[in-house]
Structure formats: structure tokens, C-alpha cells
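S.K.: One structure is given below, represented as C-alpha cells, and several questions about it will come after.
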Amino acid sequence: MRILILSRSTELYSTRSLFNAARRRKHFVRVIDHVNCNLLVSNDGNKLYYYGQLIEGCDAVIPRIGHTVTKQGEAVIRHFESIDVYTVLRAEALLRARDKLSCLQLLASKGVKVPKTVYISSPQDLDSMSELIEEFPKIIKLLSGTHGLGVIKTDDKSAMRATHELISGLKQKSIMQEFIAESSGMDIRALVVENRVVASMKRQAQEGEFRSNLHRGGYGEKIALTEEEEKTAIAAAKYMGLKVAGVDMLRSQEGPLVLEVNASPGLEGIETITKIDVATKIIQLIERKVMSINKG
């Protein structure tokens, strides 16, 4: 089978892990940078070129799309969809997951529990709308943040107003969420591959920090999920339309609350901590899907 990995660099851990997993299973695999892809849209058939070379004959695509190049990644994924190449990540699912508000709106509408969240469109409505979240601290998040960047805990009205004013002044959009004190700086990452949790870990924030992201100095540990947590993670990935997803959850008095669903989850932390070969499970998913398409 011929597999393309869309990635900015062959040096990224997740890209290398997927590349090596595909090679171990005897597939031809190539990494191309989606930012440098050129697209031809034509009534005679859409085509994709990479540094002047026509890319054709591939069976499947694994998109590894960073937040800063979401639009370029979306365009390339759509192009492969238009020529009926199987892609692990669909363009619409990528866009849905990248917008934190849209993600939470959809999940809540499907009965998946999420933290109470407020989107405030106008600064003059800040005080009245923020009261819908009764207590401080309150969390303010950029809609497009990643790795814990753009996530701020505000302890009082003054800090809340200053933070919102700064974000508005930078022409950025944000949401406000309740602070789940009982989580004690710990969240859960569940890696879902085709309706099954294949690996899970807990991430604990370092002392004095509430963000548990490994990129922010948090540390991880393998963890067994409860039945409710596992069902929540699988449901979240399903409703987001993702075959592969990293579902981030908090343990609360109400049960698991979904914070975010990652459409292109990093593999380094979870493979290193759990010792589970997630990349191979993704390649096996592709094998099943392409075989099913070919039989059909």
C-alpha cells in the first residue's frame, strides 16, 4: 500500500513514529509538507503537485496538521477527498475540532458533558454574561490556542476584565469556562482509534500551575479509565467525526467533562508514557479501511 503522511517535518516524533510503523508493515510511505503542495482544480480531474512533481497512485493519507497551518491543511485534505483517496482525517472534522466553541456546542448537544462555557461577543456584555459562571476562578481560553497557550486563570473581576480586554484588543476570540477545582490540576488524555480507546494517560500540572499540558511542564502517567470515561471519550470522537482523536477530559463531581478533542493528536507523550505503539494501530486502521474500499 502507498501511504502519504502530510507533515511539516520528518523530524517530528509523531511523523517518525507513523513512518516507521508503516515501513514495518511493508508499506511504501512518503512524507510531504502540505504547505508546499500545489493544487490543480480542473473539469478533467483534480491533481496535486509537490515541488512540480505530480502526486498520484497513493492509497491513503495521514494528515498531521498543525494549528498555524490549518487552512492549508484543510485545502490539501479536501483535494485528496475529491479524488477519492482515503484520508484518516476529513477536512470538515479538522475544522470542527479546531474551533473550541464549535466542538463544545456539538458535544453538549449530543449529551456529552462539558464544562460550563460562555462565549462573550461584546466587551460591554462581559460583566453580565460572566455571571452565568457563578464563582471565581474562571478560565479564559483563546479559541485557537494549543499546548496550554492562551489559557488563563482569572481569580477576580479585575483580572477577568483585564484579560478579556487584552484578548479583544488583539482581535482574538475567546471563551470563558468554569474552573473545576476538584480536578486538582490533573486531566486525562484518551487516544481513540476507530471507536476504541487504545491508550490513556493522566497529566498532572507541576506545583503552582493549573495547566497539565506536558509542554507546560506537566508530567504524565499511564492510567486505566473508568467505564464512563471510556464511553465519553469514544462518544466525543464519534460525534466529532474523527477516526483518530485525542480526547482531553477532567474528572469532576459530575463525572468526566470533555475539555477538547484533538484532530491531530501528538503521539510522543502517550507512546512514551504508556509504552503502547499507537502509530501501528493507526496504520492497521488504514489497512482495514483501504481493504474495505477495494472490496467494495
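Simple scheme: letters A, B, ... for chains in C-alpha cells order, numbers from 1 for residues in each chain, numbers from 1 for ligands in the order shown.
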Hey, what does DSSP flag as strand (DSSP E or B) within region 125-219 of chain A? Can you give it to me as an MDAnalysis selection string?
M.R.: chainID A and resid 138:142 151:154 174:178 186:193 197:204 219
S.K.: Enumerate as a PyMOL selection string all residues of region 16-213 of chain A assigned to helix (DSSP H, G or I) by DSSP on the backbone, naming them with the chain letters and numbers the document uses.
M.R.: chain A and resi 16-24+34-36+67-82+91-98+100-109+123-130+157-169+181-183
S.K.: Tell me which of A:Ser121, A:Ser174, A:Ser184, A:Asn262 sits closest to Cys103 (chain A), counting only C-alpha atoms.
M.R.: A:Asn262
S.K.: Please, which residues in region 102-214 of chain A fall within 12 Å of region 231-247 of chain A when counting only C-alpha atoms, and what is the closest atom pair and distance in Å to one decimal for each, ordered by chain then residue number, as JSON lines?
M.R.:
```
{"residue": "A:Ser102", "atom": "CA", "partner": "A:Met240", "partner_atom": "CA", "distance": 9.9}
{"residue": "A:Cys103", "atom": "CA", "partner": "A:Met240", "partner_atom": "CA", "distance": 7.3}
{"residue": "A:Leu104", "atom": "CA", "partner": "A:Ala236", "partner_atom": "CA", "distance": 9.7}
{"residue": "A:Gln105", "atom": "CA", "partner": "A:Met240", "partner_atom": "CA", "distance": 10.8}
{"residue": "A:Leu106", "atom": "CA", "partner": "A:Tyr239", "partner_atom": "CA", "distance": 7.5}
{"residue": "A:Leu107", "atom": "CA", "partner": "A:Ala236", "partner_atom": "CA", "distance": 6.6}
{"residue": "A:Ala108", "atom": "CA", "partner": "A:Ala236", "partner_atom": "CA", "distance": 9.8}
{"residue": "A:Ser109", "atom": "CA", "partner": "A:Tyr239", "partner_atom": "CA", "distance": 10.0}
{"residue": "A:Lys110", "atom": "CA", "partner": "A:Tyr239", "partner_atom": "CA", "distance": 7.6}
{"residue": "A:Gly111", "atom": "CA", "partner": "A:Ala235", "partner_atom": "CA", "distance": 9.4}
{"residue": "A:Val112", "atom": "CA", "partner": "A:Thr232", "partner_atom": "CA", "distance": 6.7}
{"residue": "A:Lys113", "atom": "CA", "partner": "A:Thr232", "partner_atom": "CA", "distance": 8.2}
{"residue": "A:Val114", "atom": "CA", "partner": "A:Ala236", "partner_atom": "CA", "distance": 10.4}
{"residue": "A:Asp187", "atom": "CA", "partner": "A:Val247", "partner_atom": "CA", "distance": 10.2}
{"residue": "A:Ile188", "atom": "CA", "partner": "A:Val247", "partner_atom": "CA", "distance": 7.9}
{"residue": "A:Arg189", "atom": "CA", "partner": "A:Val247", "partner_atom": "CA", "distance": 5.6}
{"residue": "A:Ala190", "atom": "CA", "partner": "A:Val247", "partner_atom": "CA", "distance": 5.1}
{"residue": "A:Leu191", "atom": "CA", "partner": "A:Gly246", "partner_atom": "CA", "distance": 4.6}
{"residue": "A:Val192", "atom": "CA", "partner": "A:Ala245", "partner_atom": "CA", "distance": 5.2}
{"residue": "A:Val193", "atom": "CA", "partner": "A:Val244", "partner_atom": "CA", "distance": 4.6}
{"residue": "A:Glu194", "atom": "CA", "partner": "A:Lys243", "partner_atom": "CA", "distance": 4.8}
{"residue": "A:Asn195", "atom": "CA", "partner": "A:Ile234", "partner_atom": "CA", "distance": 5.4}
{"residue": "A:Arg196", "atom": "CA", "partner": "A:Ile234", "partner_atom": "CA", "distance": 6.4}
{"residue": "A:Val197", "atom": "CA", "partner": "A:Ile234", "partner_atom": "CA", "distance": 6.9}
{"residue": "A:Val198", "atom": "CA", "partner": "A:Val244", "partner_atom": "CA", "distance": 10.1}
{"residue": "A:Ala199", "atom": "CA", "partner": "A:Gly246", "partner_atom": "CA", "distance": 9.7}
{"residue": "A:Ser200", "atom": "CA", "partner": "A:Gly246", "partner_atom": "CA", "distance": 9.3}
{"residue": "A:Met201", "atom": "CA", "partner": "A:Val247", "partner_atom": "CA", "distance": 10.8}
{"residue": "A:Lys202", "atom": "CA", "partner": "A:Val247", "partner_atom": "CA", "distance": 11.6}
```
S.K.: Do a neighbour search on region 36-40 of chain A at 6 Å with only C-alpha atoms, toss out local chain neighbours closer than 4 positions, and write the hits as JSON, numbers by chain.
M.R.: {"A": [46, 47, 48, 49, 50]}
S.K.: Contacts of region 8-19 of chain A at 7 Å or less, counting only C-alpha atoms, minus same-chain residues fewer than 5 places along, as a list in words?
M.R.: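 Here the qualifying residues turn out to be Val29, Val31, Asp33, Gly266, Leu267, Glu268 and Ala279 of chain A.
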S.K.: Find the spatial neighbours of Asn294 (chain A), counting only C-alpha atoms, within a cut-off of 12 Å - ignore same-chain residues fewer than 3 positions away - and output them as an MDAnalysis selection string.
M.R.: chainID A and resid 1 59:60 84:86 287:291
S.K.: What is the distance between CA of Leu149 (chain A) and CA of Val261 (chain A), in Å to one decimal?
M.R.: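 So the two atoms, CA of Leu149 (chain A) and CA of Val261 (chain A), lie 15.9 Å apart.
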S.K.: Set the distance at 8 Å and use only C-alpha atoms: which residues neighbour Thr154 (chain A) once local chain neighbours fewer than 6 positions away are removed? I'd like the list as a ChimeraX atom specification.
M.R.: /A:136-140,160,163
S.K.: How would the residues just picked look written out with N, CA and C atoms as a PDB file, in the first residue's frame?
M.R.:
```pdb
ATOM      1  N   PHE A 136     -15.457  32.501  41.053  1.00  0.00           N
ATOM      2  CA  PHE A 136     -14.064  32.583  40.649  1.00  0.00           C
ATOM      3  C   PHE A 136     -13.310  31.441  41.331  1.00  0.00           C
ATOM      4  N   PRO A 137     -12.197  30.994  40.721  1.00  0.00           N
ATOM      5  CA  PRO A 137     -11.575  31.440  39.485  1.00  0.00           C
ATOM      6  C   PRO A 137     -12.420  31.073  38.260  1.00  0.00           C
ATOM      7  N   LYS A 138     -12.162  31.801  37.158  1.00  0.00           N
ATOM      8  CA  LYS A 138     -12.776  31.498  35.874  1.00  0.00           C
ATOM      9  C   LYS A 138     -11.655  31.379  34.845  1.00  0.00           C
ATOM     10  N   ILE A 139     -11.821  30.451  33.931  1.00  0.00           N
ATOM     11  CA  ILE A 139     -10.798  30.193  32.919  1.00  0.00           C
ATOM     12  C   ILE A 139     -11.182  30.910  31.627  1.00  0.00           C
ATOM     13  N   ILE A 140     -10.226  31.618  31.056  1.00  0.00           N
ATOM     14  CA  ILE A 140     -10.418  32.247  29.748  1.00  0.00           C
ATOM     15  C   ILE A 140      -9.478  31.568  28.761  1.00  0.00           C
ATOM     16  N   MET A 160     -10.153  39.314  35.333  1.00  0.00           N
ATOM     17  CA  MET A 160     -11.015  38.867  34.243  1.00  0.00           C
ATOM     18  C   MET A 160     -11.189  39.972  33.203  1.00  0.00           C
ATOM     19  N   THR A 163      -7.881  40.635  31.288  1.00  0.00           N
ATOM     20  CA  THR A 163      -7.579  39.568  30.338  1.00  0.00           C
ATOM     21  C   THR A 163      -8.466  39.658  29.108  1.00  0.00           C
TER      22      THR A 163
END
```
S.K.: Using only C-alpha atoms, find the one residue out of A:Cys58, A:Ile180, A:Leu142, A:Val76 that sits nearest to Val258 (chain A).
M.R.: A:Ile180
